[in-house]
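Peer 1: Shown below is the structure under consideration.
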Amino acid sequence: MLKKDNRMLKNKDFDRAFKLGQSFYGKILGLKSADNDLLKTRLGILISTKVSKKAVIRNHFRRQIREIVRKELPLLKNGKDLVIIVFPQILDKKFDEIEKILVSIFNRLKLYK
RNA sequence: UGGGGUAAGUGGGCGAUCGCCUCGUUAUUAAACGGGGAGGAAAGUCCGGACUUCAUAAAAAACGAUAGUGGGUAAUGCCCACCGUCCGCUUCGGCGGAUAGGGAAAGUGCCACAGAGACAAUACUAAUUCUGGGAUAUUUAACAGAAUAAAAGGUGAAAAGAAACCGGAUGUCCUUAACGGGGCUACCGGUUUGAGCCUCCGGUGACGGAGAAACCCUGGCAAACCCUAUCGGAAGCAAGAGCAAACUUUAGUCGCGCCGUCCGGCCCUUUGGCGAGGUGUCGCGGCUAAAAGACAAGUAGCUCGCUCGAGCCCGUCAGCAAUGACGAGCCUAGAUAAAUGAUCGCUAGAACAGAAUCCGGCUUACGGCUGCCCCAAUAA
């Protein structure tokens with residue numbers, strides 16, 4: 001889990017990211033990236049009941065994604081708000097598959113230093 | 001040992017690496033060390049409360065809920081015990097199971113199929129009487145109509161509705177030449193059971209037991225409307241309380257930008273991308289108009305509410321039990337775009353499933369193991 005500093009906390013932050021951010025949509029994940037005025041990176045994860053009605057399953061993917069971002073965090077540029085959107089096709093994917101995909105998305109959006 | 005049921009208990013373990021929330025101590029910038037960190041259903045949100053705000057003279061109406069009795073409880077539509085009814089078994093002593101179980105002469109409605117008629121109903125067959133008729137004499141038949149009559153046939157789950165059984169003739173039928181014999185029950189007598197009234201006894205009570213007297217006319221469904229009795233003010237922690245800072249608001253129009261697994265277009269070889277236009281939406285800025293300018297109000301900003309509670313657990317006592325009383329011990333998540341984890345290895349392949357103000361219940365989901373019950377096989 002990320003520390004509180006690296007989380008997006010407010011509804012306004014999400015609104016801002018959706019309205020101003022760069023976007024990229026794949027089959028299982030979507031990412032929106034927007035500049036914030038801070039020196040740190042903040043993360044938000046959206047996973048709706050369309051993905052699964054069971055909270056346990058949604059929590060599982062949310063935690064896996066957070067873990068991936070936590071590992072990559074030192075390599076990423078600062079001052080970004082990242083919103084990751086999860087689609088139902090993720091259900092049969094394993095941890096390392098999700099990891100590969102997420103890293104490639106970071107590459108495409110040139111988020112690495 | 002195998003299979004099935006039940007749901008009382010339990011609700012994976014160990015190790016490695018890397019992390020999160022919270023509390024305490026030390027530091028007081030970063031941090032270090034130590035403690036704690038989802039459930040039996042956290043779920044469905046179906047009942048009952050605590051708590052909060054608002055409303056409120058009382059009552060009624062309306063609406064909703066409940067419906068045998070007693071007890072338990074903060075309370076309940078929950079739980080426990082008992083009563084009645086129904087079903088099964090029985091060694092007739094009981095045992096086990098089910099049970100939304102007030103009112104059907106307040107009214108309305110419904111009662112499939114069959115049947116003449118499905119309820120203060122019904123005359124199809126058969127019966128009796130009258131009229132017609134036959135028929136301008138007699139006998140008086142078929143047939144038609146009307147009335148009476150609820151004993152029978154037939155239909156049905158049920159038919160103007162106590163039931164079952166026993167005995168019997170003076171009724172009736174059969175048999176016999178007769179005496180006699182035998183059968184039947186719309187009639188008579190008796191017994192038992194059942195409902196209601198009355199009395200007595202037992203029980204807190206639902207109700208049970210006994211007795212006496214007479215009469216047994218007046219279907220079922222209220223999980224149909226309804227009636228009666230009892231209970232219920234409304235909304236919910238985004239309740240609600242406090243604190244700090246900042247911001248004029250609305251409408252129209254123009255420009256720029258952004259977004260959508262949109263549409264159509266272009267490029268490309270993929271997790272596809274780009275983006276002039278259309279439509280929709282949003283943000284920022286400008287202009288115009290109107291209103292406003294302190295104040296007030298608003299804004300999911302922060303803190304509180306927020307976890308010590310009808311709490312957990314052990315023992316003793318009371319009680320058939322639900323449960324209660326007393327005493328000892330314990331502190332056991334508190335997040336807020338939301339912590340309680342991720343990956344890997346071994347074990348065996350591991351269920352249902354994630355707190356959001358807090359409790360008590362109900363319902364639903366659940367792999368393995370243990371407990372209990374049933375069945376089958378084997379051994380003694």
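Chain lettering (A, B, ...) mirrors the order of the structure tokens, residue numbering begins at 1 for each chain separately, and ligand numbering begins at 1 in order of display.
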Please return, as a list in words, all residues of chain B lying within 10 Å of chain A when only C-alpha atoms (C1' of nucleotides) are considered.
Peer 2: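 Here is what falls inside 10 Å: C18, G19, C20, C21, A43, G257, C258, C259, U261, U271, G272, G273, C282, G283, A300, G301, U336, A337, A338, A339, G341, A342, U343, A353 and G354 of chain B.
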Peer 1: Find the spatial neighbours of U316 in chain B, counting only C-alpha atoms (C1' of nucleotides), within a cut-off of 12 Å - ignore same-chain residues fewer than 3 positions away - and output them as an MDAnalysis selection string.
Peer 2: chainID B and resid 325:328
Peer 1: What would the file look like if the residues just selected were written as a JSON list (two decimals), in the first residue's frame with N, CA and C atoms (P, O5', C5', C4', C3', O3' and C1' of nucleotides)?
Peer 2:
```json
[["chain", "number", "residue", "atom", "x", "y", "z"],
["B", 325, "A", "P", -28.97, -9.02, 35.16],
["B", 325, "A", "O5'", -28.65, -9.57, 36.61],
["B", 325, "A", "C5'", -29.54, -9.30, 37.68],
["B", 325, "A", "C4'", -29.10, -10.03, 38.93],
["B", 325, "A", "C3'", -27.66, -9.80, 39.35],
["B", 325, "A", "O3'", -27.48, -8.59, 40.07],
["B", 325, "A", "C1'", -28.12, -12.11, 39.40],
["B", 326, "C", "P", -26.14, -7.73, 39.90],
["B", 326, "C", "O5'", -25.07, -8.58, 40.71],
["B", 326, "C", "C5'", -25.25, -8.80, 42.11],
["B", 326, "C", "C4'", -24.31, -9.88, 42.61],
["B", 326, "C", "C3'", -22.84, -9.66, 42.32],
["B", 326, "C", "O3'", -22.23, -8.73, 43.19],
["B", 326, "C", "C1'", -23.42, -11.90, 41.83],
["B", 327, "G", "P", -21.02, -7.77, 42.63],
["B", 327, "G", "O5'", -19.79, -8.79, 42.56],
["B", 327, "G", "C5'", -19.27, -9.35, 43.76],
["B", 327, "G", "C4'", -18.29, -10.46, 43.46],
["B", 327, "G", "C3'", -17.14, -10.09, 42.52],
["B", 327, "G", "O3'", -16.12, -9.34, 43.16],
["B", 327, "G", "C1'", -18.03, -12.18, 41.89],
["B", 328, "A", "P", -15.22, -8.32, 42.27],
["B", 328, "A", "O5'", -14.23, -9.31, 41.50],
["B", 328, "A", "C5'", -13.29, -10.08, 42.24],
["B", 328, "A", "C4'", -12.52, -11.03, 41.35],
["B", 328, "A", "C3'", -11.83, -10.41, 40.14],
["B", 328, "A", "O3'", -10.63, -9.75, 40.47],
["B", 328, "A", "C1'", -12.95, -12.38, 39.48]]
```
Peer 1: What lies within 12 Å of G132 in chain B using only C-alpha atoms (C1' of nucleotides), ignoring chain neighbours under 5 positions off, as JSON, numbers by chain?
Peer 2: {"B": [143, 144, 145, 146]}
Peer 1: Could you pull the residues within 12 Å of A116 in chain B, counting only C-alpha atoms (C1' of nucleotides), minus those fewer than 6 positions along the same chain, as number ranges by chain?
Peer 2: B: 122-125, 154-155, 159
Peer 1: Pull the strand (DSSP E or B) assignments for range 70-105 of chain A out of DSSP run on the backbone, and list those residues as a PDB file with C-alpha atoms, in the first residue's frame.
Peer 2:
```pdb
ATOM      1  CA  LEU A  76       8.332   7.828 -12.314  1.00  0.00           C
ATOM      2  CA  LYS A  80       1.573  13.712 -11.719  1.00  0.00           C
ATOM      3  CA  ASP A  81      -1.890  12.529 -10.759  1.00  0.00           C
ATOM      4  CA  LEU A  82      -2.506   9.072 -12.138  1.00  0.00           C
ATOM      5  CA  VAL A  83      -6.006   7.584 -12.372  1.00  0.00           C
ATOM      6  CA  ILE A  84      -6.113   3.929 -13.356  1.00  0.00           C
ATOM      7  CA  ILE A  85      -9.425   2.592 -14.617  1.00  0.00           C
ATOM      8  CA  VAL A  86     -10.035  -1.148 -14.525  1.00  0.00           C
TER       9      VAL A  86
END
```
Peer 1: Need the shell around C184 in chain B: protein/DNA/RNA residues with any atom at most 12 Å away, counting only C-alpha atoms (C1' of nucleotides). Skip same-chain ones fewer than 5 positions apart. Format as an MDAnalysis selection string?
Peer 2: chainID B and resid 171:174
Peer 1: I'd like the interatomic distance between C1' of U299 in chain B and C1' of G286 in chain B, to a tenth of an Å.
Peer 2: 26.5 Å
Peer 1: I need the residue nearest Val103 in chain A from this list: A:Val69, A:Ser48, A:Thr41, A:Arg62. Use only C-alpha atoms for the distance.
Peer 2: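 The answer is A:Val69, which sits nearest to Val103 in chain A.
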Peer 1: Choose the residue, out of B:A104, B:G189, B:C198, B:A235, that has the smallest atom-to-atom separation from C221 in chain B; count only C-alpha atoms (C1' of nucleotides).
Peer 2: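 The shortest atom-to-atom distance to C221 in chain B comes from B:A104.
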Peer 1: For a quick check of understanding, using only C-alpha atoms (C1' of nucleotides), which of B:G96, B:G40, B:G88, B:G293 has the smallest distance to U248 in chain B?
Peer 2: B:G293
